[in-house]
Amino acid sequence: MRNLVNKEIETVRTAGQVGSSLQANVRLTAPADDHALLASLGDDLRFALIVSAVELLAGDELSVQVVPSSATKCERCWHYRDDVGTDAAHPTLCGRCTSNLFGAGEPRTVA
């Protein structure tokens, strides 16, 4: 799966729409067996694919769509997230990094 996603990211990168894989959001459609395996990773799927966001859909065949993220880049983790700057004390960090540095930390179950 990761090789397939990377191939599509490279196509978008060649077109000049993203610079790195973390700048990409992925919509991944997978048949039932693959979908179940990927869904078992939960939110950690984005870490396994090294992208900022993944939308996992069930479908009849495997397909990948890559779009550039419209979110802001966190200066610590480099993920593109909508919650960058929501903590006024740390305007260049995402909520995940703020929690990891100054709070209880993020719950990670797989990756």
# chains A, B, ... in the order shown; residues from 1 in each chain; ligands from 1
>>> closest_atom_pairs(of="region 46-65 of chain A", to="region 30-33 of chain A", cutoff="8 Å", atoms="only C-alpha atoms", output="Markdown table")
| residue | atom | partner | partner_atom | distance |
| --- | --- | --- | --- | --- |
| A:Leu56 | CA | A:Ala30 | CA | 7.6 |
| A:Leu57 | CA | A:Ala30 | CA | 6.4 |
| A:Ala58 | CA | A:Ala30 | CA | 5.3 |
| A:Gly59 | CA | A:Pro31 | CA | 5.1 |
| A:Asp60 | CA | A:Pro31 | CA | 5.0 |
| A:Glu61 | CA | A:Pro31 | CA | 5.4 |
| A:Leu62 | CA | A:Ala30 | CA | 4.5 |
| A:Ser63 | CA | A:Ala30 | CA | 6.7 |
>>> write_last_selection(atoms="all heavy atoms", output="CSV table (one decimal), in the first residue's frame")
chain,number,residue,atom,x,y,z
A,56,LEU,N,-9.8,7.0,4.5
A,56,LEU,CA,-9.9,5.6,4.1
A,56,LEU,C,-11.4,5.3,3.8
A,56,LEU,O,-12.3,5.5,4.6
A,56,LEU,CB,-9.4,4.7,5.2
A,56,LEU,CG,-9.4,3.2,4.9
A,56,LEU,CD1,-8.6,2.8,3.7
A,56,LEU,CD2,-9.0,2.4,6.2
A,57,LEU,N,-11.6,4.8,2.6
A,57,LEU,CA,-12.9,4.4,2.1
A,57,LEU,C,-13.0,3.0,1.7
A,57,LEU,O,-12.0,2.4,1.2
A,57,LEU,CB,-13.3,5.3,0.9
A,57,LEU,CG,-13.2,6.8,1.1
A,57,LEU,CD1,-13.3,7.6,-0.2
A,57,LEU,CD2,-14.2,7.3,2.1
A,58,ALA,N,-14.1,2.4,1.8
A,58,ALA,CA,-14.3,1.0,1.3
A,58,ALA,C,-14.8,1.1,-0.1
A,58,ALA,O,-15.6,2.0,-0.5
A,58,ALA,CB,-15.4,0.3,2.2
A,59,GLY,N,-14.3,0.2,-1.0
A,59,GLY,CA,-14.7,0.2,-2.4
A,59,GLY,C,-14.4,-1.2,-3.0
A,59,GLY,O,-13.9,-2.1,-2.3
A,60,ASP,N,-14.7,-1.3,-4.2
A,60,ASP,CA,-14.5,-2.6,-4.9
A,60,ASP,C,-13.1,-2.8,-5.4
A,60,ASP,O,-12.6,-3.9,-5.5
A,60,ASP,CB,-15.4,-2.6,-6.2
A,60,ASP,CG,-16.9,-2.7,-5.8
A,60,ASP,OD1,-17.2,-3.2,-4.7
A,60,ASP,OD2,-17.7,-2.2,-6.6
A,61,GLU,N,-12.3,-1.7,-5.6
A,61,GLU,CA,-11.0,-1.8,-6.1
A,61,GLU,C,-10.1,-0.8,-5.4
A,61,GLU,O,-10.5,0.2,-4.9
A,61,GLU,CB,-10.9,-1.7,-7.6
A,61,GLU,CG,-11.4,-0.4,-8.1
A,61,GLU,CD,-11.4,-0.4,-9.6
A,61,GLU,OE1,-11.9,-1.3,-10.3
A,61,GLU,OE2,-10.8,0.6,-10.2
A,62,LEU,N,-8.8,-1.1,-5.4
A,62,LEU,CA,-7.8,-0.3,-4.7
A,62,LEU,C,-7.5,1.0,-5.6
A,62,LEU,O,-7.3,0.9,-6.8
A,62,LEU,CB,-6.5,-1.1,-4.5
A,62,LEU,CG,-5.4,-0.4,-3.7
A,62,LEU,CD1,-5.9,-0.1,-2.3
A,62,LEU,CD2,-4.2,-1.3,-3.7
A,63,SER,N,-7.6,2.1,-5.0
A,63,SER,CA,-7.3,3.4,-5.7
A,63,SER,C,-6.8,4.4,-4.7
A,63,SER,O,-7.1,4.4,-3.5
A,63,SER,CB,-8.5,3.9,-6.4
A,63,SER,OG,-9.5,4.4,-5.5
>>> closest_atom_pairs(of="region 30-53 of chain A", to="region 2-22 of chain A", cutoff="8 Å", atoms="only C-alpha atoms", output="Markdown table")
| residue | atom | partner | partner_atom | distance |
| --- | --- | --- | --- | --- |
| A:Ala48 | CA | A:Arg2 | CA | 7.7 |
| A:Leu49 | CA | A:Arg2 | CA | 5.6 |
| A:Ile50 | CA | A:Leu22 | CA | 6.2 |
| A:Val51 | CA | A:Leu22 | CA | 4.3 |
| A:Ser52 | CA | A:Leu22 | CA | 5.0 |
>>> write_last_selection(atoms="C-alpha atoms", output="mmCIF file, in the first residue's frame")
data_model
loop_
_atom_site.group_PDB
_atom_site.id
_atom_site.type_symbol
_atom_site.label_atom_id
_atom_site.label_comp_id
_atom_site.auth_asym_id
_atom_site.auth_seq_id
_atom_site.Cartn_x
_atom_site.Cartn_y
_atom_site.Cartn_z
ATOM 1 C CA ALA A 48 2.574 4.416 8.411
ATOM 2 C CA LEU A 49 2.054 6.155 5.042
ATOM 3 C CA ILE A 50 4.079 9.244 6.083
ATOM 4 C CA VAL A 51 1.386 11.724 5.070
ATOM 5 C CA SER A 52 -0.472 14.411 6.990
#
>>> residues_around(residues="Gly95 (chain A)", least_positions_apart="4", cutoff="8 Å", atoms="only C-alpha atoms", output="ChimeraX atom specification")
/A:83-87,99
>>> select_by_dssp(residues="chain A", states="strand (DSSP E or B)", output="PyMOL selection string")
chain A and resi 24-30+53-58+63-68+72-73+80-81
>>> closest_residue(among="A:Ala36, A:Val54, A:Val26, A:Cys74", to="Pro91 (chain A)", atoms="only C-alpha atoms")
A:Cys74
